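*Asks:* Before I ask anything, here is the structure I am working with.
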Amino acid sequence: MAQRPPHHPSPSRPTDADRASFVSRRTVAAVRAALMTGLVLGGAFSALPAAQAQTAAAAPEARQYNIPAGTLEHALNAFAAASGVEFSADAKLLQGKTSKGLAGSYTVDAGFAELLGGQSLTASRQPNGSYTLNQVLPQHSQANTTTLATVKVSSSAPFSNDPIETYAGGQVARGARLGILGNVDMMDTPFSVTAYTAQTIVDQQSATVSEVLRNDPSVRMTTSDGHNAENITIRGFDVNSSELALNGVYGMLPGAHVPTEFLDRVEVFRGPAAMLSGIAPSGSVGGVINLVPKRATDEPLTRLTTSYTSDSLLGTAADVSRRFGEEKRLGIRVNSSLKYGNSTLEDQTKRENFQSIGMDYRGNGWKVEMDAYSAHQNQANGSPLMVSFSSLGHVTEAPDPTKNALRGTFATQHTEGAMLRGEAQLTDHISAYAGFGQARYTYDGYLNGTRVIVLDDSGKASAATYNQGGYTHGTTGEIGLRGNFTTGIVSHQTVLSANAQQTTTGAASVATSASYTTNLYDPISNPNLAASHGAVVRSADNRYNSLSLSDTLGFYGDLVQLTLGAREQSVRQRMASPKYDKDALTPFLGVVVKPWGPHVSLYANYIEGLSPGVTVGSTYANYGETLAPYKTRQAETGVKWDAGKITNSLALFRIEKPSTISVANTSGLPTLAVDGEQRNRGVEWNVMGQLTPQWRILGGAAYTQGKQVRASTASNDGKKAAGVPEWTVNLGTELDTPWLLQGLSFNARMIYTDAQYLDAANTLEIPSWTRWDAGVKYDTRVAGKPLVLRLAMENLMDEHYWSGRFNDGYATVGAGRTLKLSATVDF
């Protein structure tokens with residue numbers, strides 16, 4: 001796994017006692033500000049009861065729905081969950097009936113009427129607000145009607161992690177998981193979030209999570225395309241490939257790139273999230289990528305996909321889903337895939353083998369879920385490069401990305417993981433949840449150090465290879481209570497949660513080859529290979545425990561929502577010398593206001609990220625001191641507009657991340673302290689949905705100013721932050737063309753990244769780049785079976801470009817033209 005050398009952020013120039021007092025004052029001030037905001041909002045909106053009463057007396061509200069065709073039972077189930085009503089029916093009335101689905105703006109009554117049209121059925125509203133299914137009989141037979149016993153078919157989603165419905169167009173969901181807050185609709189969250197659906201993943205033929213994230217303007221890669229690890233930045237700050245979350249929990253995923261075959265959603269939370277999700281294992285603060293596994297559908301599914309990726313990487317995948325029992329309470333979903341062949345890198349071969357199983361059982365007021373997987377990833381005879389220009393002093397042209405400069409190297413990675421989670425409704429207003437998981441990741445080979453150092457404009461470069469091995473074992477557990485109640489006219493959604501995570505790592509002494517000379521543009525075919533690495537020994541035992549409390553207060557029918565919360569996080573590094581044992585409190589404040597109804601949300605938040613402090617090295621006067629955990633702080637405000645079938649959002653944010661500086665002493669060695677800062681400020685626009693029933697759009701643009709404040713080198717103070725391009729744009733579109741051929745659609749995507757610096761001194765700059773992707777999909781039937789054919793060409797113009805920054809002075813290489821083909825058939 002390609003990881004950067006440790007970033008050394010730490011406390012400020014004053015003494016430890018002053019620093020602790022300062023942090024305490026900052027925390028108390030933040031909590032006071034949160035409480036004062038709550039009081040101010042309560043007073044400011046005390047004049048709204050008349051407006052609330054007027055809203056309550058108004059006609060039933062219509063909202064947008066996008067319920068797919070299928071069985072009538074499934075359609076009613078989806079509609080009841082989406083509209084938030086209880087619904088019951090005699091199961092016999094639904095047997096053998098199908099539905100054409102529902103798309104458009106409807107009240108609850110009108111939606112049921114549309115779904116039940118022509119079925120001789122009707123949904124009757126009961127005094128308690130629930131709905132019951134009844135059969136419409138001819139006049140002459142109503143006298144002999146016998147009332148059938150009802151069996152509950154569906155209800156409003158009672159559990160925190162029940163999936164949120166997809167939005168118009170099917171490319172994204174209406175909301176995402178917000179850590180301990182559970183799944184929240186996008187119009188009710190005081191954050192910028194996007195949840196990409198399984199439909200987007202398969203239609204774009206995205207093999208890994210990083211390929212899904214190519215739709216997001218706030219995300220950029222920091223390792224070269226095709227590398228064994230896929231590190232990213234969100235809003236200009238790092239998120240390592242090992243720090244993705246599964247069902248909101250860190251440390252449970254493959255240690256390198258994550259396959260997509262078993263995923264239902266890829267959710268992007270932009271900005272620090274320590275209060276919501278806890279501390280990330282390596283302290284990343286750019287945001288959270290949460291992955292949601294697939295669940296068994298009500299309808300049986302047996303799906304087979306075959307694929308081809310240039311140069312000759314062949315794949316096959318199976319997706320099998322079943323529910324069992326008369327009420328379909330038990331669900332099992334199995335995914336399996338195998339890929340083998342040559343990549344676009346000359347003579348490199350890859351073999352990937354993945355299996356997963358997801359099970360769930362739906363009880364009366366409770367449910368249990370289990371996920372387990374095994375992932376094997378092997379690459380042989382080569383690796384993509386990261387390229388240093390620190391010695392040369394300027395950047396040269398990007399090389400042909402198919403050139404293989406590391407022939408003979410290999411990397412093998414194996415991960416196994418399993419998670420168990422349960423949730424139960426204890427009373428009408430209180431539910432409890434608990435979860436436990438473990439994952440085991442091992443690696444061997446030339447994973448890191450896949451780089452060359454350019455020496456002159458001809459591409460002459462020096463290099464060495466690095467052979468290593470190691471493991472990461474993760475164990476996590478969580479338990480919590482959720483409550484909903486009212487105090488006067490204010491509703492409350494309260495969550496109390498405890499989380500514990502242990503990460504143990506082992507590593508071998510890295511074997512390094514003799515240095516050799518090669519060429520960036522015409523690499524040698526026989527680089528020096530390092531000898532076998534040493535024995536793997538345990539190197540770290542880190543434990544992260546936390547307790548969090550949050551409350552979302554709703555005023556005036558949730559037209560105003562205020563969320564307050566805090567997490568007390570402890571960080572224990574048992575193998576550090578000396579041992580590391582620190583605690584920190586991270587607060588959170590979020591506000592959502594809907595001044596013109598549910599279709600427009602104004603929001604704001606203050607939230608913090610948390611990273612473990614570093615241990616000071618021997619070149620400083622405070623050698624051996626372990627600095628306190630440091631906090632990254634974000635303030636954000638924005639607006640979201642849901643026009644029914646298309647949503648636009650605009651966010652303004654400011655993120656401040658501490659960094660270490662060297663403080664000179666009058667005599668002797670300097671002191672290392674946290675008194676520097678990287679400050680990113682920006683504006684983001686995101687768009688999703690469908691402009692017409694045949695025309696979908698997805699993407700956005702971001703403008704980000706990254707600045708060094710109180711830099712460790714005085715001459716860098718005020719300069720641009722390295723690796724933060726000012727403008728980034730990702731815009732994709734898909735168009736159905738039934739006038740040409742039924743089932744035929746075309747898609748295209750443009751990705752633009754502005755120029756950016758590779759170093760803090762702002763002397764090494766890589767130019768801007770633009771990439772175009774295009775594809776076609778044909779949905780038909782063969783022998784009565786649904787068949788979908790897909791073709792995509794990525795980097796259509798075969799541009800050679802530096803895609804981003806890996807580390808100080810290092811550039812990453814963008815992928816060349818790549819052809820993807822697939823065929824999917826349902827049996």
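FYI, nothing fancy with the structure tokens labels: chains A, B, ... in order, residues from 1 per chain, ligands from 1 as they appear.
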Please provide as a PyMOL selection string all residues within 10 Å of Val320 (chain A), with the sequence filter that same-chain residues fewer than 5 positions apart are discarded (counting only C-alpha atoms).
*Replies:* chain A and resi 296-297+300-304+332-336+357+826-827
*Asks:* Hey, can you spit out that residue selection with C-alpha atoms as a PDB file, in the first residue's frame?
*Replies:*
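again.pdb written:
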```pdb
ATOM      1  CA  ALA A 296     -31.077  -9.179  -0.903  1.00  0.00           C
ATOM      2  CA  THR A 297     -33.952  -7.724  -2.904  1.00  0.00           C
ATOM      3  CA  PRO A 300     -35.030 -13.121  -6.851  1.00  0.00           C
ATOM      4  CA  LEU A 301     -31.932 -12.086  -8.801  1.00  0.00           C
ATOM      5  CA  THR A 302     -29.410 -14.196 -10.706  1.00  0.00           C
ATOM      6  CA  ARG A 303     -27.081 -11.942 -12.692  1.00  0.00           C
ATOM      7  CA  LEU A 304     -23.953 -12.805 -14.650  1.00  0.00           C
ATOM      8  CA  ILE A 332     -28.942 -13.718   1.300  1.00  0.00           C
ATOM      9  CA  ARG A 333     -26.884 -11.995  -1.375  1.00  0.00           C
ATOM     10  CA  VAL A 334     -23.699 -13.475  -2.814  1.00  0.00           C
ATOM     11  CA  ASN A 335     -21.214 -11.705  -5.083  1.00  0.00           C
ATOM     12  CA  SER A 336     -18.236 -13.350  -6.704  1.00  0.00           C
ATOM     13  CA  ILE A 357     -21.913 -12.673   1.251  1.00  0.00           C
ATOM     14  CA  ASP A 826     -30.351 -11.798 -15.729  1.00  0.00           C
ATOM     15  CA  PHE A 827     -31.575 -15.373 -15.505  1.00  0.00           C
TER      16      PHE A 827
END
```
*Asks:* Need the shell around Gly483 (chain A): protein/DNA/RNA residues with any atom at most 10 Å away, counting only C-alpha atoms. Skip same-chain ones fewer than 3 positions apart. Format as a list in words?
*Replies:*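 Surrounding residues, per the criterion: Gln425, Leu426, Thr427, Asp428, His429, Ile430, Ser431, Ala432, His492, Gln493, Thr494, Val495, Leu496 and Asp551 of chain A.
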*Asks:* Could you please write out, as a compact mmCIF listing (two decimals) with all heavy atoms, in the first residue's frame, every residue of region 187-382 of chain A that DSSP assigns to alpha helix (DSSP H)?
*Replies:*
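Output file out_10.txt is given in full below:
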```
# COMPACT_ATOMS: atom_id res chain seq x y z
N ALA A 198 -25.59 1.83 -7.01
CA ALA A 198 -25.08 0.67 -7.74
C ALA A 198 -25.34 0.81 -9.24
O ALA A 198 -24.55 0.32 -10.06
CB ALA A 198 -25.75 -0.61 -7.21
N GLN A 199 -26.42 1.50 -9.61
CA GLN A 199 -26.70 1.70 -11.03
C GLN A 199 -25.62 2.53 -11.69
O GLN A 199 -25.18 2.25 -12.81
CB GLN A 199 -28.06 2.40 -11.20
CG GLN A 199 -28.56 2.46 -12.63
CD GLN A 199 -28.80 1.07 -13.22
OE1 GLN A 199 -29.42 0.22 -12.59
NE2 GLN A 199 -28.28 0.84 -14.41
N THR A 200 -25.16 3.57 -11.00
CA THR A 200 -24.05 4.37 -11.53
C THR A 200 -22.79 3.53 -11.66
O THR A 200 -22.05 3.63 -12.65
CB THR A 200 -23.79 5.57 -10.61
OG1 THR A 200 -24.95 6.40 -10.60
CG2 THR A 200 -22.61 6.39 -11.08
N ILE A 201 -22.52 2.70 -10.67
CA ILE A 201 -21.31 1.88 -10.68
C ILE A 201 -21.30 0.94 -11.88
O ILE A 201 -20.31 0.86 -12.61
CB ILE A 201 -21.21 1.07 -9.36
CG1 ILE A 201 -21.02 2.01 -8.17
CG2 ILE A 201 -20.05 0.07 -9.43
CD1 ILE A 201 -21.10 1.32 -6.83
N VAL A 202 -22.41 0.25 -12.12
CA VAL A 202 -22.42 -0.73 -13.21
C VAL A 202 -22.49 -0.05 -14.57
O VAL A 202 -21.85 -0.50 -15.54
CB VAL A 202 -23.57 -1.74 -13.04
CG1 VAL A 202 -23.40 -2.53 -11.77
CG2 VAL A 202 -24.94 -1.07 -13.07
N ASP A 203 -23.24 1.05 -14.68
CA ASP A 203 -23.36 1.72 -15.98
C ASP A 203 -22.04 2.33 -16.42
O ASP A 203 -21.74 2.40 -17.61
CB ASP A 203 -24.45 2.78 -15.93
CG ASP A 203 -25.85 2.20 -16.06
OD1 ASP A 203 -25.96 1.00 -16.43
OD2 ASP A 203 -26.83 2.91 -15.79
N VAL A 209 -13.48 1.70 -6.16
CA VAL A 209 -14.14 2.87 -5.57
C VAL A 209 -13.58 4.16 -6.16
O VAL A 209 -14.32 5.12 -6.40
CB VAL A 209 -13.99 2.84 -4.05
CG1 VAL A 209 -14.44 4.16 -3.43
CG2 VAL A 209 -14.81 1.69 -3.47
N SER A 210 -12.26 4.21 -6.40
CA SER A 210 -11.68 5.44 -6.94
C SER A 210 -12.26 5.78 -8.31
O SER A 210 -12.39 6.96 -8.66
CB SER A 210 -10.16 5.33 -7.02
OG SER A 210 -9.78 4.42 -8.03
N GLU A 211 -12.65 4.77 -9.09
CA GLU A 211 -13.26 5.04 -10.39
C GLU A 211 -14.65 5.63 -10.22
O GLU A 211 -15.08 6.47 -11.02
CB GLU A 211 -13.30 3.76 -11.22
CG GLU A 211 -11.91 3.25 -11.61
CD GLU A 211 -11.98 2.02 -12.49
OE1 GLU A 211 -13.06 1.71 -13.03
OE2 GLU A 211 -10.94 1.36 -12.64
N VAL A 212 -15.39 5.22 -9.18
CA VAL A 212 -16.69 5.83 -8.89
C VAL A 212 -16.51 7.30 -8.54
O VAL A 212 -17.30 8.17 -8.96
CB VAL A 212 -17.39 5.09 -7.74
CG1 VAL A 212 -18.76 5.70 -7.46
CG2 VAL A 212 -17.53 3.61 -8.04
N ALA A 274 -14.83 13.89 12.63
CA ALA A 274 -14.45 13.12 13.81
C ALA A 274 -15.63 12.93 14.76
O ALA A 274 -15.79 11.86 15.36
CB ALA A 274 -13.29 13.79 14.54
N MET A 275 -16.48 13.96 14.91
CA MET A 275 -17.60 13.81 15.83
C MET A 275 -18.61 12.78 15.32
O MET A 275 -19.15 12.00 16.08
CB MET A 275 -18.29 15.17 16.01
CG MET A 275 -19.39 15.17 17.07
SD MET A 275 -21.00 14.72 16.39
CE MET A 275 -21.70 13.85 17.78
N LEU A 276 -18.85 12.74 14.00
CA LEU A 276 -19.84 11.84 13.45
C LEU A 276 -19.33 10.41 13.31
O LEU A 276 -20.06 9.45 13.57
CB LEU A 276 -20.31 12.35 12.09
CG LEU A 276 -20.99 13.72 12.07
CD1 LEU A 276 -21.31 14.13 10.65
CD2 LEU A 276 -22.26 13.70 12.92
N SER A 277 -18.08 10.24 12.87
CA SER A 277 -17.58 8.92 12.52
C SER A 277 -16.39 8.47 13.36
O SER A 277 -15.91 7.35 13.18
CB SER A 277 -17.17 8.89 11.04
OG SER A 277 -18.26 9.24 10.21
```
*Asks:* To one decimal in Å, tell me the separation between CA of Val683 (chain A) and CA of Leu652 (chain A).
*Replies:* 4.6 Å
*Asks:* Just the residues within 9 Å of Arg538 (chain A), please, counting only C-alpha atoms, with nothing from its chain fewer than 2 positions along; format it as a ChimeraX atom specification.
*Replies:* /A:470-471,504-508,536,540-541
*Asks:* State, in Å with one decimal place, the distance from CA of Val571 (chain A) to CA of Arg543 (chain A).
*Replies:*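 About the pair CA of Val571 (chain A) and CA of Arg543 (chain A): they are 6.0 Å apart.
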*Asks:* So which one's closest to Asp298 (chain A), A:Ser509, A:Thr316, A:Thr71, A:Gln205? Using only C-alpha atoms, please.
*Replies:*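 Going through A:Ser509, A:Thr316, A:Thr71, A:Gln205 one by one, the smallest distance to Asp298 (chain A) is for A:Thr71.
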*Asks:* Env of Thr98 (chain A): 10 Å cut, atoms = only C-alpha atoms, seq-sep filter 6 positions within chain, self excluded. Answer as a PDB file with C-alpha atoms, in the first residue's frame.
*Replies:*
```pdb
ATOM      1  CA  ALA A  69     -41.482  -1.129 -12.058  1.00  0.00           C
ATOM      2  CA  GLY A  70     -41.762  -4.576 -10.472  1.00  0.00           C
ATOM      3  CA  THR A  71     -44.147  -6.509  -8.306  1.00  0.00           C
ATOM      4  CA  LEU A  72     -47.002  -4.545  -6.784  1.00  0.00           C
ATOM      5  CA  GLU A  73     -45.872  -5.579  -3.304  1.00  0.00           C
ATOM      6  CA  HIS A  74     -42.383  -4.187  -3.916  1.00  0.00           C
ATOM      7  CA  ALA A  75     -43.739  -0.930  -5.370  1.00  0.00           C
ATOM      8  CA  LEU A 115     -49.947   2.605  -8.079  1.00  0.00           C
ATOM      9  CA  LEU A 116     -53.260   0.791  -7.559  1.00  0.00           C
ATOM     10  CA  GLN A 119     -55.925  -3.331  -9.833  1.00  0.00           C
TER      11      GLN A 119
END
```
